[in-house]
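A.B. asks: File follows, final25.cif with mmCIF, C-alpha atoms:
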data_upload
#
loop_
_atom_site.group_PDB
_atom_site.id
_atom_site.type_symbol
_atom_site.label_atom_id
_atom_site.label_comp_id
_atom_site.auth_asym_id
_atom_site.auth_seq_id
_atom_site.Cartn_x
_atom_site.Cartn_y
_atom_site.Cartn_z
ATOM 1 C CA MET A 1 218.949 3.265 -31.753
ATOM 2 C CA TYR A 2 218.083 1.242 -34.846
ATOM 3 C CA THR A 3 218.258 2.232 -38.492
ATOM 4 C CA ASN A 4 217.897 0.486 -41.826
ATOM 5 C CA ALA A 5 220.537 2.357 -43.805
ATOM 6 C CA SER A 6 219.566 1.013 -47.224
ATOM 7 C CA SER A 7 223.217 1.708 -48.163
ATOM 8 C CA MET A 8 225.428 3.729 -45.855
ATOM 9 C CA GLY A 9 227.029 5.417 -48.857
ATOM 10 C CA ASN A 10 227.468 9.031 -47.766
ATOM 11 C CA LYS A 11 225.388 8.714 -44.558
ATOM 12 C CA GLU A 12 228.311 8.090 -42.180
ATOM 13 C CA GLU A 13 228.691 11.655 -40.916
ATOM 14 C CA GLU A 14 224.953 12.114 -40.365
ATOM 15 C CA LEU A 15 224.700 8.862 -38.410
ATOM 16 C CA GLU A 16 227.766 9.670 -36.292
ATOM 17 C CA ALA A 17 226.332 13.108 -35.457
ATOM 18 C CA THR A 18 222.983 11.576 -34.465
ATOM 19 C CA MET A 19 224.709 8.973 -32.297
ATOM 20 C CA GLN A 20 226.667 11.668 -30.453
ATOM 21 C CA GLN A 21 223.724 14.064 -30.157
ATOM 22 C CA GLU A 22 221.361 11.373 -28.836
ATOM 23 C CA SER A 23 224.112 9.904 -26.626
ATOM 24 C CA CYS A 24 223.349 6.386 -27.841
ATOM 25 C CA ASP A 25 224.886 3.462 -25.963
ATOM 26 C CA VAL A 26 224.026 0.908 -28.645
ATOM 27 C CA VAL A 27 223.281 1.490 -32.329
ATOM 28 C CA THR A 28 222.101 -1.251 -34.675
ATOM 29 C CA ILE A 29 222.177 -0.899 -38.450
ATOM 30 C CA THR A 30 220.805 -3.164 -41.167
ATOM 31 C CA GLU A 31 221.397 -3.069 -44.926
ATOM 32 C CA MET A 32 224.820 -1.398 -44.737
ATOM 33 C CA TRP A 33 225.640 -2.562 -48.274
ATOM 34 C CA TRP A 34 229.337 -2.573 -47.416
ATOM 35 C CA ASP A 35 232.180 -5.033 -47.600
ATOM 36 C CA ASP A 36 235.732 -5.279 -46.199
ATOM 37 C CA SER A 37 236.908 -2.338 -48.342
ATOM 38 C CA HIS A 38 235.090 0.152 -46.040
ATOM 39 C CA ASP A 39 236.835 1.160 -42.821
ATOM 40 C CA TRP A 40 234.272 3.171 -40.936
ATOM 41 C CA SER A 41 235.616 2.083 -37.539
ATOM 42 C CA ALA A 42 238.635 4.366 -37.939
ATOM 43 C CA ALA A 43 236.336 7.393 -37.556
ATOM 44 C CA MET A 44 233.998 6.107 -34.847
ATOM 45 C CA GLY A 45 235.512 7.601 -31.695
ATOM 46 C CA GLY A 46 233.954 6.300 -28.495
ATOM 47 C CA TYR A 47 232.357 3.198 -30.036
ATOM 48 C CA ARG A 48 233.331 -0.367 -30.717
ATOM 49 C CA LEU A 49 232.012 -1.679 -34.027
ATOM 50 C CA PHE A 50 230.895 -5.218 -34.747
ATOM 51 C CA ARG A 51 230.110 -5.946 -38.389
ATOM 52 C CA ARG A 52 228.802 -8.806 -40.453
ATOM 53 C CA TYR A 53 228.801 -8.492 -44.220
ATOM 54 C CA ARG A 54 226.522 -10.364 -46.577
ATOM 55 C CA GLN A 55 228.392 -13.331 -47.991
ATOM 56 C CA SER A 56 228.641 -13.913 -51.763
ATOM 57 C CA ARG A 57 225.959 -11.381 -52.676
ATOM 58 C CA ARG A 58 225.761 -7.622 -53.032
ATOM 59 C CA GLY A 59 223.979 -5.480 -50.430
ATOM 60 C CA GLY A 60 222.788 -6.363 -46.956
ATOM 61 C CA GLY A 61 225.046 -6.522 -43.939
ATOM 62 C CA VAL A 62 224.459 -5.658 -40.282
ATOM 63 C CA THR A 63 226.409 -3.617 -37.739
ATOM 64 C CA LEU A 64 226.301 -3.055 -33.995
ATOM 65 C CA CYS A 65 228.035 -0.021 -32.469
ATOM 66 C CA VAL A 66 228.539 -0.166 -28.695
ATOM 67 C CA ARG A 67 229.804 2.676 -26.520
ATOM 68 C CA ASP A 68 233.373 1.962 -25.371
ATOM 69 C CA SER A 69 232.373 2.348 -21.716
ATOM 70 C CA LEU A 70 230.223 -0.807 -21.981
ATOM 71 C CA TYR A 71 232.050 -4.113 -21.924
ATOM 72 C CA SER A 72 230.938 -6.010 -25.025
ATOM 73 C CA LEU A 73 232.032 -9.045 -26.980
ATOM 74 C CA GLU A 74 230.790 -10.844 -30.048
ATOM 75 C CA LEU A 75 228.840 -14.040 -29.427
ATOM 76 C CA LYS A 76 229.776 -16.826 -31.819
ATOM 77 C CA VAL A 77 226.344 -18.046 -32.872
ATOM 78 C CA ASN A 78 226.510 -16.926 -36.477
ATOM 79 C CA ASN A 79 225.981 -18.903 -39.629
ATOM 80 C CA ASN A 80 226.883 -17.551 -43.074
ATOM 81 C CA LYS A 81 223.353 -18.171 -44.325
ATOM 82 C CA VAL A 82 221.818 -15.828 -41.719
ATOM 83 C CA GLU A 83 222.387 -12.054 -41.683
ATOM 84 C CA CYS A 84 222.456 -11.768 -37.948
ATOM 85 C CA LEU A 85 225.018 -10.527 -35.434
ATOM 86 C CA TRP A 86 224.919 -11.125 -31.677
ATOM 87 C CA ILE A 87 226.973 -9.468 -28.962
ATOM 88 C CA GLY A 88 226.939 -9.753 -25.199
ATOM 89 C CA ILE A 89 226.947 -6.608 -23.085
ATOM 90 C CA LYS A 90 228.077 -7.045 -19.490
ATOM 91 C CA GLY A 91 225.226 -6.537 -17.051
ATOM 92 C CA LYS A 92 225.544 -4.207 -14.063
ATOM 93 C CA ALA A 93 226.908 -5.535 -10.748
ATOM 94 C CA ASN A 94 228.333 -8.644 -12.458
ATOM 95 C CA LYS A 95 224.899 -9.882 -13.476
ATOM 96 C CA ALA A 96 224.534 -11.989 -16.615
ATOM 97 C CA ASP A 97 225.505 -10.618 -19.985
ATOM 98 C CA ILE A 98 222.659 -9.214 -22.066
ATOM 99 C CA PRO A 99 222.611 -10.603 -25.611
ATOM 100 C CA VAL A 100 221.856 -7.911 -28.184
ATOM 101 C CA GLY A 101 221.197 -8.980 -31.746
ATOM 102 C CA VAL A 102 220.653 -7.234 -35.048
ATOM 103 C CA CYS A 103 219.195 -9.129 -37.961
ATOM 104 C CA TYR A 104 218.219 -8.497 -41.545
ATOM 105 C CA ARG A 105 215.949 -11.103 -43.112
ATOM 106 C CA PRO A 106 215.856 -10.654 -46.897
ATOM 107 C CA PRO A 107 212.348 -10.875 -48.402
ATOM 108 C CA ASN A 108 213.358 -13.949 -50.429
ATOM 109 C CA GLN A 109 214.969 -15.877 -47.549
ATOM 110 C CA ASP A 110 214.265 -19.600 -47.783
ATOM 111 C CA ASP A 111 212.997 -21.949 -45.063
ATOM 112 C CA GLU A 112 216.523 -23.224 -44.358
ATOM 113 C CA GLY A 113 217.759 -19.688 -43.580
ATOM 114 C CA ASP A 114 214.744 -19.068 -41.356
ATOM 115 C CA GLU A 115 215.289 -22.308 -39.419
ATOM 116 C CA LEU A 116 218.977 -21.450 -38.864
ATOM 117 C CA PHE A 117 217.905 -18.088 -37.446
ATOM 118 C CA TYR A 118 215.323 -19.783 -35.185
ATOM 119 C CA LYS A 119 218.060 -22.061 -33.823
ATOM 120 C CA GLN A 120 220.301 -19.041 -33.109
ATOM 121 C CA LEU A 121 217.433 -17.299 -31.369
ATOM 122 C CA ALA A 122 216.644 -20.352 -29.241
ATOM 123 C CA ASP A 123 220.302 -20.524 -28.174
ATOM 124 C CA VAL A 124 220.529 -16.884 -27.046
ATOM 125 C CA SER A 125 216.994 -16.799 -25.608
ATOM 126 C CA LYS A 126 218.193 -18.819 -22.631
ATOM 127 C CA SER A 127 219.528 -15.560 -21.203
ATOM 128 C CA PRO A 128 217.405 -13.809 -18.556
ATOM 129 C CA ALA A 129 217.468 -10.618 -20.652
ATOM 130 C CA LEU A 130 217.642 -10.279 -24.439
ATOM 131 C CA VAL A 131 217.203 -7.559 -27.053
ATOM 132 C CA LEU A 132 216.771 -8.242 -30.781
ATOM 133 C CA VAL A 133 216.244 -5.571 -33.429
ATOM 134 C CA GLY A 134 216.123 -5.669 -37.170
ATOM 135 C CA ASN A 135 214.218 -5.746 -40.401
ATOM 136 C CA PHE A 136 212.477 -9.085 -40.824
ATOM 137 C CA THR A 137 210.502 -8.226 -44.009
ATOM 138 C CA LEU A 138 207.307 -9.993 -43.001
ATOM 139 C CA PRO A 139 204.726 -7.329 -43.909
ATOM 140 C CA ASP A 140 201.744 -9.668 -43.559
ATOM 141 C CA VAL A 141 202.227 -10.052 -39.789
ATOM 142 C CA CYS A 142 199.620 -8.263 -37.693
ATOM 143 C CA TRP A 143 201.381 -7.638 -34.398
ATOM 144 C CA LYS A 144 198.264 -6.405 -32.623
ATOM 145 C CA LEU A 145 196.496 -9.729 -33.185
ATOM 146 C CA ASN A 146 199.641 -11.860 -33.469
ATOM 147 C CA THR A 147 198.479 -13.329 -36.777
ATOM 148 C CA ALA A 148 199.891 -13.708 -40.277
ATOM 149 C CA GLU A 149 198.687 -14.755 -43.712
ATOM 150 C CA LYS A 150 201.770 -16.555 -45.053
ATOM 151 C CA ARG A 151 203.215 -19.815 -43.757
ATOM 152 C CA GLN A 152 206.746 -18.380 -43.251
ATOM 153 C CA SER A 153 205.328 -15.490 -41.252
ATOM 154 C CA ARG A 154 203.248 -17.813 -39.092
ATOM 155 C CA ARG A 155 206.368 -19.900 -38.411
ATOM 156 C CA PHE A 156 208.206 -16.696 -37.400
ATOM 157 C CA LEU A 157 205.414 -15.816 -34.958
ATOM 158 C CA GLU A 158 205.588 -19.337 -33.531
ATOM 159 C CA CYS A 159 209.327 -18.950 -32.934
ATOM 160 C CA ILE A 160 208.828 -15.580 -31.232
ATOM 161 C CA GLU A 161 206.198 -17.139 -28.933
ATOM 162 C CA ASP A 162 208.325 -20.242 -28.258
ATOM 163 C CA ASN A 163 211.122 -17.974 -27.032
ATOM 164 C CA PHE A 164 208.790 -15.788 -24.927
ATOM 165 C CA LEU A 165 209.644 -12.595 -26.812
ATOM 166 C CA LEU A 166 207.606 -9.397 -26.883
ATOM 167 C CA GLN A 167 207.533 -7.226 -30.012
ATOM 168 C CA LEU A 168 207.501 -3.546 -29.001
ATOM 169 C CA VAL A 169 207.169 -1.576 -32.275
ATOM 170 C CA ASN A 170 203.666 -0.454 -33.206
ATOM 171 C CA ASP A 171 204.390 2.231 -35.802
ATOM 172 C CA SER A 172 204.572 1.458 -39.507
ATOM 173 C CA THR A 173 208.013 1.761 -41.013
ATOM 174 C CA ARG A 174 207.478 0.944 -44.675
ATOM 175 C CA GLY A 175 204.419 0.332 -46.806
ATOM 176 C CA GLY A 176 202.025 0.500 -43.857
ATOM 177 C CA ALA A 177 203.689 -2.370 -41.964
ATOM 178 C CA PRO A 178 206.210 -2.344 -39.128
ATOM 179 C CA LEU A 179 209.271 -3.994 -40.686
ATOM 180 C CA GLY A 180 211.822 -2.539 -38.253
ATOM 181 C CA LEU A 181 211.084 -4.555 -35.122
ATOM 182 C CA LEU A 182 212.298 -4.647 -31.509
ATOM 183 C CA PHE A 183 211.965 -7.774 -29.377
ATOM 184 C CA THR A 184 212.781 -8.474 -25.741
ATOM 185 C CA ASN A 185 212.079 -11.233 -23.259
ATOM 186 C CA ARG A 186 211.761 -8.873 -20.288
ATOM 187 C CA VAL A 187 208.713 -6.711 -19.741
ATOM 188 C CA THR A 188 210.847 -4.384 -17.583
ATOM 189 C CA MET A 189 213.022 -3.575 -20.631
ATOM 190 C CA LYS A 190 210.096 -1.823 -22.328
#
Could you show the structure in this file as structure tokens?
C.D. replies:
Amino acid sequence: MYTNASSMGNKEEELEATMQQESCDVVTITEMWWDDSHDWSAAMGGYRLFRRYRQSRRGGGVTLCVRDSLYSLELKVNNNKVECLWIGIKGKANKADIPVGVCYRPPNQDDEGDELFYKQLADVSKSPALVLVGNFTLPDVCWKLNTAEKRQSRRFLECIEDNFLLQLVNDSTRGGAPLGLLFTNRVTMK
């Protein structure tokens, strides 16, 4: 499950109820708008929380919640300039870990931040299976034709292609464009 919280504020109970009702194994959240003063993990029975707060600015932040029955650990590929969090979930029958990432790309992110994200993605894309979700705020991308108007968006598409990722979301999420995206490198994970 993926959600862009646009501030968790008083949405904790609703999200927890949805997670339990839908029996979610993994939940990814962008734009938490929290900092270290919030201790949501105390109330999240049955899940392990991984969080990354936006550094030196208000808002943002990403979270991954993983069911306790799944062995998971945080992958250390982060950089303070990129709002991205990666974990590894142990594959079945001792197969390779599956990297799962959640990312929020602010609309005003500069080229340096984008290139740091592309390096992270290249590092984790070496895995035989990968899942990446998030809000990348590139509304000019046409996923059906794999085209974009702006240079930054075209560079993003190039990175996605270079890492052999498939984008699976077709529905619009905001303003007529799919901003909440889901990528994988395995057709069988569709």
A.B. asks: Could you check which of A:Cys159, A:Cys142, A:Leu130, A:Val26 is closest to Phe183 (chain A), using all atoms listed in the file?
C.D. replies: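 Under the stated criterion, the closest residue is A:Leu130.
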A.B. asks: Go through A:Leu145, A:Val133, A:Ile89, A:Val82 and flag the residue nearest Gln120 (chain A), using only C-alpha atoms for the distances.
C.D. replies: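 When distances to Gln120 (chain A) are compared using only C-alpha atoms, the smallest one comes from A:Val82.
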A.B. asks: Can you list, as a list in words, every protein, DNA or RNA residue that comes within 8 Å of Leu165 (chain A) when you count all atoms listed in the file, leaving out same-chain residues fewer than 2 positions away?
C.D. replies: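 Once the adjacent positions are removed, what remains is Ile160, Glu161, Asp162, Asn163, Gln167, Phe183, Thr184, Asn185 and Arg186 of chain A.
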A.B. asks: Evaluate the PyMOL selection byres ((chain A and resi 63) around 8) on the structure here and hand back the selected residues as a PDB file with C-alpha atoms, keeping the file's coordinate frame.
C.D. replies:
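Generated file (expr10.pdb):
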ATOM      1  CA  THR A  28     222.101  -1.251 -34.675  1.00  0.00           C
ATOM      2  CA  ILE A  29     222.177  -0.899 -38.450  1.00  0.00           C
ATOM      3  CA  THR A  30     220.805  -3.164 -41.167  1.00  0.00           C
ATOM      4  CA  MET A  32     224.820  -1.398 -44.737  1.00  0.00           C
ATOM      5  CA  LEU A  49     232.012  -1.679 -34.027  1.00  0.00           C
ATOM      6  CA  PHE A  50     230.895  -5.218 -34.747  1.00  0.00           C
ATOM      7  CA  ARG A  51     230.110  -5.946 -38.389  1.00  0.00           C
ATOM      8  CA  ARG A  52     228.802  -8.806 -40.453  1.00  0.00           C
ATOM      9  CA  GLY A  61     225.046  -6.522 -43.939  1.00  0.00           C
ATOM     10  CA  VAL A  62     224.459  -5.658 -40.282  1.00  0.00           C
ATOM     11  CA  LEU A  64     226.301  -3.055 -33.995  1.00  0.00           C
ATOM     12  CA  CYS A  65     228.035  -0.021 -32.469  1.00  0.00           C
ATOM     13  CA  LEU A  85     225.018 -10.527 -35.434  1.00  0.00           C
ATOM     14  CA  VAL A 102     220.653  -7.234 -35.048  1.00  0.00           C
TER      15      VAL A 102
END
A.B. asks: Hey, what comes out of the PyMOL selection byres ((chain A and resi 128) around 9) on this file? Could you write it as a ChimeraX atom specification?
C.D. replies: /A:96-98,125-127,129-130,185-186
A.B. asks: Can you give me, as a list in words, the residues this file yields under the PyMOL selection byres ((chain A and resi 70) around 9)?
C.D. replies: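 Listing what the PyMOL selection byres ((chain A and resi 70) around 9) selects in the shown file: Asp25, Val66, Arg67, Asp68, Ser69, Tyr71, Ser72, Ile89 and Lys90 of chain A.
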A.B. asks: Axis-aligned box over every listed atom of region 156-174 of chain A, padded by 6 Å per side: centre and edges in Å to one decimal, as lines of an AutoDock Vina configuration file?
C.D. replies:
center_x = 207.4
center_y = -9.0
center_z = -34.8
size_x = 19.5
size_y = 34.5
size_z = 31.7
A.B. asks: Can you list, as a list of chain:residue names, every protein, DNA or RNA residue that comes within 12 Å of Phe156 (chain A) when you count only C-alpha atoms, leaving out same-chain residues fewer than 4 positions away?
C.D. replies: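 The filter keeps A:Arg105, A:Asp111, A:Gly113, A:Asp114, A:Glu115, A:Leu116, A:Phe117, A:Tyr118, A:Lys119, A:Leu121, A:Phe136, A:Thr137, A:Leu138, A:Pro139, A:Asp140, A:Val141, A:Trp143, A:Asn146, A:Thr147, A:Ala148, A:Glu149, A:Lys150, A:Arg151, A:Gln152, A:Ile160, A:Glu161, A:Asp162, A:Asn163, A:Leu165.
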A.B. asks: Kindly give the distance, in Å, that separates CA of Leu182 (chain A) and CA of Gly134 (chain A), rounded to a single decimal.
C.D. replies: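 Spanning CA of Leu182 (chain A) to CA of Gly134 (chain A) is a straight-line distance of 6.9 Å.
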A.B. asks: Tell me, in Å to one decimal, how far CA of Lys144 (chain A) is from CA of Glu112 (chain A).
C.D. replies: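 Going from CA of Lys144 (chain A) over to CA of Glu112 (chain A), I get 27.5 Å.
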A.B. asks: Between A:Asn108, A:Arg154, A:Leu132, A:Val27, which one has atoms that come closest to Val169 (chain A), using only C-alpha atoms?
C.D. replies: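 Of all the options, A:Leu132 lies closest to Val169 (chain A).
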A.B. asks: Since the input is missing atoms for region 125-136 of chain A, could you rebuild it with N, CA and C atoms and give the result as a compact mmCIF listing (two decimals), in the coordinates of the input?
C.D. replies:
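selection_8.txt was written with the following content:
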# COMPACT_ATOMS: atom_id res chain seq x y z
N SER A 125 218.19 -17.09 -26.41
CA SER A 125 216.99 -16.80 -25.61
C SER A 125 217.05 -17.41 -24.21
N LYS A 126 218.04 -18.23 -23.96
CA LYS A 126 218.19 -18.82 -22.63
C LYS A 126 218.65 -17.79 -21.61
N SER A 127 219.07 -16.64 -22.08
CA SER A 127 219.53 -15.56 -21.20
C SER A 127 218.33 -14.92 -20.50
N PRO A 128 218.52 -14.45 -19.26
CA PRO A 128 217.40 -13.81 -18.56
C PRO A 128 216.97 -12.47 -19.16
N ALA A 129 217.82 -11.87 -19.97
CA ALA A 129 217.47 -10.62 -20.65
C ALA A 129 218.02 -10.69 -22.06
N LEU A 130 217.25 -10.20 -23.03
CA LEU A 130 217.64 -10.28 -24.44
C LEU A 130 217.00 -9.12 -25.19
N VAL A 131 217.74 -8.59 -26.16
CA VAL A 131 217.20 -7.56 -27.05
C VAL A 131 217.56 -7.98 -28.48
N LEU A 132 216.58 -7.93 -29.36
CA LEU A 132 216.77 -8.24 -30.78
C LEU A 132 216.08 -7.17 -31.60
N VAL A 133 216.82 -6.57 -32.53
CA VAL A 133 216.24 -5.57 -33.43
C VAL A 133 216.58 -5.95 -34.86
N GLY A 134 215.80 -5.43 -35.78
CA GLY A 134 216.12 -5.67 -37.17
C GLY A 134 214.93 -5.52 -38.09
N ASN A 135 215.21 -5.79 -39.35
CA ASN A 135 214.22 -5.75 -40.40
C ASN A 135 213.97 -7.19 -40.82
N PHE A 136 212.77 -7.69 -40.56
CA PHE A 136 212.48 -9.09 -40.82
C PHE A 136 211.62 -9.29 -42.07
